[in-house]
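Peer 1: So that you have it, the file is entry27.pdb, and it contains PDB, C-alpha atoms, pLDDT in the B column:
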ATOM      1  CA  MET A   1      70.616 131.963  91.077  1.00 51.00           C
ATOM      2  CA  ASN A   2      72.898 129.155  89.882  1.00 52.00           C
ATOM      3  CA  ARG A   3      70.001 126.709  90.084  1.00 56.00           C
ATOM      4  CA  ILE A   4      67.862 128.914  87.827  1.00 54.00           C
ATOM      5  CA  ALA A   5      70.706 129.342  85.341  1.00 44.00           C
ATOM      6  CA  ILE A   6      71.323 125.577  85.242  1.00 46.00           C
ATOM      7  CA  THR A   7      67.607 124.874  84.773  1.00 45.00           C
ATOM      8  CA  LEU A   8      67.327 127.383  81.924  1.00 41.00           C
ATOM      9  CA  PHE A   9      70.512 126.085  80.310  1.00 42.00           C
ATOM     10  CA  SER A  10      69.243 122.493  80.547  1.00 43.00           C
ATOM     11  CA  ALA A  11      65.907 123.464  79.018  1.00 43.00           C
ATOM     12  CA  LEU A  12      67.690 125.152  76.128  1.00 43.00           C
ATOM     13  CA  LEU A  13      69.698 121.991  75.494  1.00 44.00           C
ATOM     14  CA  ILE A  14      66.815 119.519  75.885  1.00 45.00           C
ATOM     15  CA  ALA A  15      64.199 121.352  73.777  1.00 42.00           C
ATOM     16  CA  PRO A  16      66.144 121.055  70.494  1.00 41.00           C
ATOM     17  CA  VAL A  17      66.880 117.373  71.158  1.00 37.00           C
ATOM     18  CA  ALA A  18      63.165 116.684  71.705  1.00 40.00           C
ATOM     19  CA  ALA A  19      62.305 118.608  68.532  1.00 37.00           C
ATOM     20  CA  ILE A  20      64.869 116.619  66.526  1.00 36.00           C
ATOM     21  CA  ALA A  21      63.552 113.318  67.907  1.00 40.00           C
ATOM     22  CA  GLU A  22      59.992 114.303  66.958  1.00 44.00           C
ATOM     23  CA  SER A  23      61.090 115.322  63.450  1.00 46.00           C
ATOM     24  CA  MET A  24      62.826 111.949  62.969  1.00 61.00           C
ATOM     25  CA  LYS A  25      59.564 110.018  63.394  1.00 77.00           C
ATOM     26  CA  SER A  26      58.418 108.421  60.154  1.00 93.00           C
ATOM     27  CA  GLU A  27      55.424 110.142  58.644  1.00 95.00           C
ATOM     28  CA  ALA A  28      52.334 108.014  58.166  1.00 95.00           C
ATOM     29  CA  PRO A  29      50.718 108.258  54.731  1.00 92.00           C
ATOM     30  CA  ALA A  30      47.455 110.197  54.588  1.00 90.00           C
ATOM     31  CA  ASN A  31      44.470 108.068  55.558  1.00 95.00           C
ATOM     32  CA  ALA A  32      46.645 105.101  56.579  1.00 97.00           C
ATOM     33  CA  GLY A  33      44.832 102.582  58.721  1.00 98.00           C
ATOM     34  CA  VAL A  34      45.372  99.219  60.345  1.00 98.00           C
ATOM     35  CA  TYR A  35      42.627  96.786  61.281  1.00 98.00           C
ATOM     36  CA  PHE A  36      41.837  93.164  62.083  1.00 98.00           C
ATOM     37  CA  VAL A  37      40.666  90.983  59.208  1.00 98.00           C
ATOM     38  CA  GLN A  38      40.319  88.118  61.670  1.00 98.00           C
ATOM     39  CA  PRO A  39      39.144  87.685  64.414  1.00 98.00           C
ATOM     40  CA  THR A  40      36.279  90.139  64.604  1.00 98.00           C
ATOM     41  CA  ASP A  41      35.376  92.136  67.682  1.00 98.00           C
ATOM     42  CA  GLY A  42      33.422  89.980  70.140  1.00 98.00           C
ATOM     43  CA  ALA A  43      34.461  86.679  68.516  1.00 98.00           C
ATOM     44  CA  THR A  44      34.684  83.490  70.521  1.00 98.00           C
ATOM     45  CA  VAL A  45      37.893  81.630  69.643  1.00 98.00           C
ATOM     46  CA  ASN A  46      39.832  78.524  70.688  1.00 98.00           C
ATOM     47  CA  GLU A  47      42.951  78.897  72.855  1.00 98.00           C
ATOM     48  CA  THR A  48      45.092  78.874  69.704  1.00 98.00           C
ATOM     49  CA  PHE A  49      43.655  81.011  66.926  1.00 98.00           C
ATOM     50  CA  LYS A  50      44.635  82.816  63.760  1.00 98.00           C
ATOM     51  CA  VAL A  51      45.019  86.604  63.672  1.00 98.00           C
ATOM     52  CA  VAL A  52      45.097  88.340  60.283  1.00 98.00           C
ATOM     53  CA  PHE A  53      46.228  91.965  60.030  1.00 98.00           C
ATOM     54  CA  GLY A  54      44.831  94.442  57.510  1.00 98.00           C
ATOM     55  CA  LEU A  55      46.525  97.649  56.349  1.00 98.00           C
ATOM     56  CA  ARG A  56      45.245 100.362  54.010  1.00 98.00           C
ATOM     57  CA  ASN A  57      46.975 103.268  52.251  1.00 97.00           C
ATOM     58  CA  MET A  58      50.333 101.997  53.475  1.00 97.00           C
ATOM     59  CA  GLY A  59      52.790  99.224  52.622  1.00 96.00           C
ATOM     60  CA  VAL A  60      54.418  96.518  54.722  1.00 97.00           C
ATOM     61  CA  ALA A  61      58.210  96.340  55.031  1.00 96.00           C
ATOM     62  CA  PRO A  62      60.372  94.378  57.454  1.00 96.00           C
ATOM     63  CA  ALA A  63      62.037  96.078  60.406  1.00 95.00           C
ATOM     64  CA  GLY A  64      65.359  97.552  59.385  1.00 94.00           C
ATOM     65  CA  VAL A  65      64.112  98.490  55.901  1.00 95.00           C
ATOM     66  CA  GLU A  66      63.674 102.251  55.741  1.00 94.00           C
ATOM     67  CA  LYS A  67      61.140 102.980  53.010  1.00 94.00           C
ATOM     68  CA  ALA A  68      58.653 105.859  53.074  1.00 94.00           C
ATOM     69  CA  GLY A  69      55.024 104.896  53.502  1.00 95.00           C
ATOM     70  CA  THR A  70      55.753 101.493  55.007  1.00 96.00           C
ATOM     71  CA  GLY A  71      55.938  99.819  58.395  1.00 96.00           C
ATOM     72  CA  HIS A  72      55.383  96.534  60.170  1.00 97.00           C
ATOM     73  CA  HIS A  73      52.807  95.256  62.629  1.00 98.00           C
ATOM     74  CA  HIS A  74      52.878  95.056  66.415  1.00 98.00           C
ATOM     75  CA  LEU A  75      50.124  93.152  68.205  1.00 98.00           C
ATOM     76  CA  LEU A  76      49.133  94.512  71.611  1.00 98.00           C
ATOM     77  CA  ILE A  77      47.525  91.895  73.862  1.00 98.00           C
ATOM     78  CA  ASP A  78      45.670  92.936  77.019  1.00 98.00           C
ATOM     79  CA  THR A  79      47.480  96.285  77.144  1.00 98.00           C
ATOM     80  CA  ASP A  80      47.027  99.873  76.034  1.00 98.00           C
ATOM     81  CA  VAL A  81      49.019 101.737  73.424  1.00 97.00           C
ATOM     82  CA  PRO A  82      52.194 102.979  75.148  1.00 96.00           C
ATOM     83  CA  SER A  83      51.973 106.591  76.321  1.00 94.00           C
ATOM     84  CA  ASP A  84      55.357 107.556  74.827  1.00 94.00           C
ATOM     85  CA  LEU A  85      55.206 106.864  71.104  1.00 95.00           C
ATOM     86  CA  SER A  86      58.539 108.544  70.401  1.00 93.00           C
ATOM     87  CA  LYS A  87      60.446 105.439  71.473  1.00 94.00           C
ATOM     88  CA  SER A  88      60.936 102.011  69.988  1.00 94.00           C
ATOM     89  CA  LEU A  89      58.221  99.595  71.060  1.00 95.00           C
ATOM     90  CA  PRO A  90      59.507  96.999  73.534  1.00 95.00           C
ATOM     91  CA  ALA A  91      59.166  93.302  72.684  1.00 95.00           C
ATOM     92  CA  THR A  92      57.145  91.693  75.471  1.00 96.00           C
ATOM     93  CA  ASP A  93      54.454  89.042  75.877  1.00 96.00           C
ATOM     94  CA  GLN A  94      51.944  91.884  75.575  1.00 98.00           C
ATOM     95  CA  ILE A  95      53.597  93.665  72.632  1.00 98.00           C
ATOM     96  CA  ARG A  96      54.450  91.152  69.929  1.00 98.00           C
ATOM     97  CA  HIS A  97      56.627  92.241  67.028  1.00 96.00           C
ATOM     98  CA  PHE A  98      56.168  91.132  63.444  1.00 97.00           C
ATOM     99  CA  GLY A  99      59.362  92.689  62.123  1.00 95.00           C
ATOM    100  CA  GLY A 100      59.628  90.200  59.278  1.00 96.00           C
ATOM    101  CA  GLY A 101      56.701  91.910  57.596  1.00 96.00           C
ATOM    102  CA  GLN A 102      54.236  89.169  58.570  1.00 98.00           C
ATOM    103  CA  THR A 103      50.561  89.925  58.003  1.00 98.00           C
ATOM    104  CA  GLU A 104      49.134  87.048  60.027  1.00 98.00           C
ATOM    105  CA  THR A 105      50.004  84.792  62.940  1.00 98.00           C
ATOM    106  CA  GLU A 106      48.640  82.178  65.304  1.00 98.00           C
ATOM    107  CA  ILE A 107      48.552  83.038  68.982  1.00 98.00           C
ATOM    108  CA  THR A 108      47.660  81.061  72.077  1.00 98.00           C
ATOM    109  CA  LEU A 109      45.893  82.761  74.965  1.00 98.00           C
ATOM    110  CA  SER A 110      44.447  81.457  78.207  1.00 98.00           C
ATOM    111  CA  PRO A 111      40.679  80.999  78.451  1.00 98.00           C
ATOM    112  CA  GLY A 112      38.762  84.180  79.196  1.00 98.00           C
ATOM    113  CA  LYS A 113      38.288  87.664  77.845  1.00 98.00           C
ATOM    114  CA  HIS A 114      41.236  89.336  76.055  1.00 98.00           C
ATOM    115  CA  THR A 115      41.808  92.557  74.145  1.00 98.00           C
ATOM    116  CA  LEU A 116      43.813  92.890  70.932  1.00 98.00           C
ATOM    117  CA  GLN A 117      45.042  96.007  69.163  1.00 98.00           C
ATOM    118  CA  LEU A 118      47.420  96.652  66.265  1.00 98.00           C
ATOM    119  CA  LEU A 119      50.057  99.380  66.095  1.00 98.00           C
ATOM    120  CA  VAL A 120      52.289  99.910  63.061  1.00 98.00           C
ATOM    121  CA  GLY A 121      55.952 100.712  63.639  1.00 97.00           C
ATOM    122  CA  ASP A 122      58.603 102.047  61.287  1.00 96.00           C
ATOM    123  CA  HIS A 123      61.946 100.434  60.424  1.00 95.00           C
ATOM    124  CA  MET A 124      63.118 101.089  64.007  1.00 95.00           C
ATOM    125  CA  HIS A 125      59.888  99.838  65.718  1.00 95.00           C
ATOM    126  CA  VAL A 126      58.843 103.457  66.438  1.00 96.00           C
ATOM    127  CA  PRO A 127      55.182 104.321  65.763  1.00 97.00           C
ATOM    128  CA  HIS A 128      54.545 106.713  62.885  1.00 96.00           C
ATOM    129  CA  ASN A 129      53.411 110.308  63.092  1.00 95.00           C
ATOM    130  CA  PRO A 130      50.473 110.267  63.399  1.00 96.00           C
ATOM    131  CA  PRO A 131      50.287 106.776  64.929  1.00 97.00           C
ATOM    132  CA  VAL A 132      48.666 104.092  62.781  1.00 98.00           C
ATOM    133  CA  VAL A 133      46.668 102.168  65.365  1.00 98.00           C
ATOM    134  CA  SER A 134      43.598  99.948  65.146  1.00 98.00           C
ATOM    135  CA  GLU A 135      40.482  99.955  67.224  1.00 98.00           C
ATOM    136  CA  LYS A 136      40.858  97.694  70.253  1.00 98.00           C
ATOM    137  CA  ILE A 137      38.862  94.473  69.856  1.00 98.00           C
ATOM    138  CA  THR A 138      37.797  91.929  72.449  1.00 98.00           C
ATOM    139  CA  VAL A 139      37.843  88.141  72.009  1.00 98.00           C
ATOM    140  CA  MET A 140      36.537  85.425  74.293  1.00 98.00           C
ATOM    141  CA  VAL A 141      38.889  82.448  74.461  1.00 98.00           C
ATOM    142  CA  GLU A 142      37.244  79.096  75.271  1.00 97.00           C
TER     143      GLU A 142
END
Show this structure as structure tokens.

Peer 2:
Amino acid sequence: MNRIAITLFSALLIAPVAAIAESMKSEAPANAGVYFVQPTDGATVNETFKVVFGLRNMGVAPAGVEKAGTGHHHLLIDTDVPSDLSKSLPATDQIRHFGGGQTETEITLSPGKHTLQLLVGDHMHVPHNPPVVSEKITVMVE
């Protein structure tokens, strides 16, 4: 009986916290989208190549600047969009942060096939609601 009471009590405490966390996510503007200007899907590139980010119906602002309708880019390399989008995106070799508001970069990848995808994060590196995410593209590095 105590176990059931503790479980119910815990659920009652956790549910509001989850609801508050969800409500704190930055709203994405209607029809916001992120895409690659360069390279294009299926492109063959050198080991070091330029990546240019495109964004529509939304503005770019550096991390730490809380302004409605804005965010900054995260480049996902050879990985999928994280399953839990309620948390800040980690900075790893596969998830590169552009918190300065950059809209392009040069990256170096090993020869072979690689995937790239863009995900926009808010001032705290948390994806918007709904997430503003590009199509995944593939590049062949020579």

Peer 1: Could you spell out the hits of the PyMOL selection byres ((chain A and resi 44-53) around 9) on the shown file, as JSON, numbers by chain?

Peer 2: {"A": [34, 35, 36, 37, 38, 39, 42, 43, 54, 55, 73, 102, 103, 104, 105, 106, 107, 108, 109, 110, 111, 118, 139, 140, 141, 142]}

Peer 1: Would you output that residue set with C-alpha atoms, as an mmCIF file, in the frame of the given file?

Peer 2:
data_model
loop_
_atom_site.group_PDB
_atom_site.id
_atom_site.type_symbol
_atom_site.label_atom_id
_atom_site.label_comp_id
_atom_site.auth_asym_id
_atom_site.auth_seq_id
_atom_site.Cartn_x
_atom_site.Cartn_y
_atom_site.Cartn_z
ATOM 1 C CA VAL A 34 45.372 99.219 60.345
ATOM 2 C CA TYR A 35 42.627 96.786 61.281
ATOM 3 C CA PHE A 36 41.837 93.164 62.083
ATOM 4 C CA VAL A 37 40.666 90.983 59.208
ATOM 5 C CA GLN A 38 40.319 88.118 61.670
ATOM 6 C CA PRO A 39 39.144 87.685 64.414
ATOM 7 C CA GLY A 42 33.422 89.980 70.140
ATOM 8 C CA ALA A 43 34.461 86.679 68.516
ATOM 9 C CA GLY A 54 44.831 94.442 57.510
ATOM 10 C CA LEU A 55 46.525 97.649 56.349
ATOM 11 C CA HIS A 73 52.807 95.256 62.629
ATOM 12 C CA GLN A 102 54.236 89.169 58.570
ATOM 13 C CA THR A 103 50.561 89.925 58.003
ATOM 14 C CA GLU A 104 49.134 87.048 60.027
ATOM 15 C CA THR A 105 50.004 84.792 62.940
ATOM 16 C CA GLU A 106 48.640 82.178 65.304
ATOM 17 C CA ILE A 107 48.552 83.038 68.982
ATOM 18 C CA THR A 108 47.660 81.061 72.077
ATOM 19 C CA LEU A 109 45.893 82.761 74.965
ATOM 20 C CA SER A 110 44.447 81.457 78.207
ATOM 21 C CA PRO A 111 40.679 80.999 78.451
ATOM 22 C CA LEU A 118 47.420 96.652 66.265
ATOM 23 C CA VAL A 139 37.843 88.141 72.009
ATOM 24 C CA MET A 140 36.537 85.425 74.293
ATOM 25 C CA VAL A 141 38.889 82.448 74.461
ATOM 26 C CA GLU A 142 37.244 79.096 75.271
#

Peer 1: Taking (52.6, 97.1, 59.0) in the file's own coordinates, collect the residues within 6 Å, counting only C-alpha atoms, and hand them back as a compact mmCIF listing (two decimals) with C-alpha atoms, in the frame of the given file.

Peer 2:
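And here is the file that came out, result-v1.txt:
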# COMPACT_ATOMS: atom_id res chain seq x y z
CA VAL A 60 54.42 96.52 54.72
CA GLY A 71 55.94 99.82 58.40
CA HIS A 72 55.38 96.53 60.17
CA HIS A 73 52.81 95.26 62.63
CA VAL A 120 52.29 99.91 63.06

Peer 1: Restricting the calculation to all atoms listed in the file, which member of A:Arg56, A:His74, A:Lys25, A:Lys136 is positioned closest to Ile95 (chain A)?

Peer 2: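 Looking at the shortest contact to Ile95 (chain A), the residue is A:His74.
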
Peer 1: Taking all atoms listed in the file into account, which of A:Ala91, A:Leu85, A:Val132, A:Met58 comes nearest Thr70 (chain A)?

Peer 2: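 Looking at the shortest contact to Thr70 (chain A), the residue is A:Met58.
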
Peer 1: For Val65 (chain A), which of A:Asp80, A:Gly99, A:Leu119, A:Gly112 is the closest residue, counting all atoms listed in the file?

Peer 2: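 Answer, going by the shortest atom-to-atom distance: A:Gly99.
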
Peer 1: Mind listing whatever residues come within 10 Å of the point (60.2, 107.6, 52.6)? Use all atoms listed in the file, file coordinates, and give them as a list of chain:residue names.

Peer 2: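 The residues near that point, listed by chain and number, are A:Ser26, A:Glu27, A:Ala28, A:Pro29, A:Glu66, A:Lys67, A:Ala68, A:Gly69, A:Thr70.
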
Peer 1: Nearest to Gln117 (chain A) among A:Asn129, A:Pro82, A:Glu135, A:Asn31, with distances taken over only C-alpha atoms: which residue is it?

Peer 2: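 That would be A:Glu135, the residue with the smallest distance to Gln117 (chain A).
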
Peer 1: Since I can't run it myself right now, could you work out what the PyMOL selection byres ((chain A and resi 89) around 8) selects here and report it as an MDAnalysis selection string?

Peer 2: chainID A and resid 85 87:88 90:91 95 121 125:127

Peer 1: Can you measure CA of Ile137 (chain A) to CA of Ala61 (chain A) for me? One decimal in Å is fine.

Peer 2: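 Answer for the CA of Ile137 (chain A) to CA of Ala61 (chain A) separation: 24.4 Å.
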
Peer 1: Using only C-alpha atoms, which of the listed residues (A:Pro62, A:Asn57, A:Thr92, A:Thr115) sits closest to Ile77 (chain A)?

Peer 2: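 Closest to Ile77 (chain A), using only C-alpha atoms: A:Thr115.
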
Peer 1: What does the distance from CA of Lys113 (chain A) to CA of Gly33 (chain A) come to in Å, to one decimal?

Peer 2: 25.1 Å

Peer 1: In Å, rounded to a single decimal, give me how far CA of Gly101 (chain A) is from CA of Thr138 (chain A).

Peer 2: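 Pair CA of Thr138 (chain A) / CA of Gly101 (chain A) returns 24.0 Å.
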